[in-house]
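Here's the structure we're looking at; comments come further down.
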Amino acid sequence: MVVPAVNGAKNVITVAANAKVRRVVLTSSIGAIYMDPNRDPEKVVDETCWSDLEFCKNTKNWYCYGKVVSEQAACDLAKELGVDLVVINPVLVLGPLLQPSLNASVLHIMKYLTGSAKTYANSIQAYVHVKDVALAHILLFETPSASGRYLCAESVLHRGEVVEILTKFFPEYPIPTKCSDEINPRKKPYKFSNQRLKDLGLDFKPVKQALYDTVKSLQEKGHLQVSPKNDGPITIQS
């Protein structure tokens, strides 16, 4: 997982330099930002944060480890070769699927709709709508002043909040109502800043819209049965 990520990033930067590409936008991840057990819980998570490589290595979190080292390798090589590199760091992406198959992000929601998950975890997750991620890429390509890293996130929710939203819009599905951990205190969402993308003009869609659009897409692609009571599109206000 690590070697292809690093080599792939370097290859693209090298080719971009040879072709005299004006700008490269690298899609990194929140995984390169968030995984740091020593970060103050009250600290705002933003583009200055980096995941701790030793922690990722010790916990065998090779996805996050690979995201850190590939992003750093791309930035170092871009500086060396004179490539204008801008980085976007999306959180978990939801919304309509382009592909017919299920990916890990969508399975994160799907399990709460099929009955395979009987409870929800005492954990938190940051979310963003896929259309906002796409628009953020365009903004970073087309805005001359864009530089550095950009955290692409709309909300951080506890799993309990996720199932509450899903139940409100889709009560016909067997969505769990109990937490798997009823002993420990409920995990609190971390503070984050998406101000850099807002400053470029990005108006984030509310997470409720992302969750709703995800389920509607799953229905349209035949992954979920459709209830005749809930088949019309809606637009959700934040």
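Residues in the structure tokens are numbered from 1 in each chain, the chains being A, B, ... in the order shown, and ligands are numbered from 1 in the order shown.
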Problem set entry | Polymer residues at most 10 Å from Phe204 (chain A), only C-alpha atoms, same-chain spacing of 6 or more positions, as a ChimeraX atom specification | /A:128-129,131-133,135-136,152-155,194,197-198,238
Problem set entry | Which of region 120-222 of chain A DSSP labels alpha helix (DSSP H), written as a ChimeraX atom specification | /A:130-142,159-169,195-199,207-220
Considering only C-alpha atoms, give me a table of residues in region 105-216 of chain A that are at most 9 Å from region 66-88 of chain A, with the closest atom pair and distance in Å for each, as a tab-separated table.
```
residue	atom	partner	partner_atom	distance
A:Val133	CA	A:Ile88	CA	8.6
A:Ala136	CA	A:Ile88	CA	7.9
A:His137	CA	A:Ile88	CA	7.4
A:Leu140	CA	A:Val86	CA	7.0
A:Phe141	CA	A:Val86	CA	8.2
A:Ala146	CA	A:Val86	CA	7.1
A:Ser147	CA	A:Val86	CA	5.3
A:Gly148	CA	A:Val86	CA	5.2
A:Arg149	CA	A:Val87	CA	4.6
A:Tyr150	CA	A:Ile88	CA	4.8
A:Leu151	CA	A:Ile88	CA	6.1
A:Cys152	CA	A:Ile88	CA	6.7
```
Exercise. Can you list, as a ChimeraX atom specification, every protein, DNA or RNA residue that comes within 7 Å of region 114-123 of chain A when you count only C-alpha atoms, leaving out same-chain residues fewer than 3 positions away?
Worked result: /A:110-111,158-160,173-181,186-187
For this session: Find the distance between CA of Val44 (chain A) and CA of Phe192 (chain A) and write it in Å to one decimal.
Result: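 Separation between CA of Val44 (chain A) and CA of Phe192 (chain A): 4.8 Å.
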Exercise. How many Å separate CA of Gly95 (chain A) from CA of Val156 (chain A)?
Worked result: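 So the two atoms, CA of Gly95 (chain A) and CA of Val156 (chain A), lie 15.8 Å apart.
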Problem set entry | Shell of 12 Å around Asn38 (chain A), only C-alpha atoms, local chain residues under 4 positions omitted, as a list in words | Tyr34, Glu42, Lys43, Cys49, Trp50, Ser51, Asp52, Glu54 and Phe55 of chain A
For this session: In Å, rounded to a single decimal, give me how far CA of Thr214 (chain A) is from CA of Leu102 (chain A).
Result: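 Going from CA of Leu102 (chain A) over to CA of Thr214 (chain A), I get 11.1 Å.
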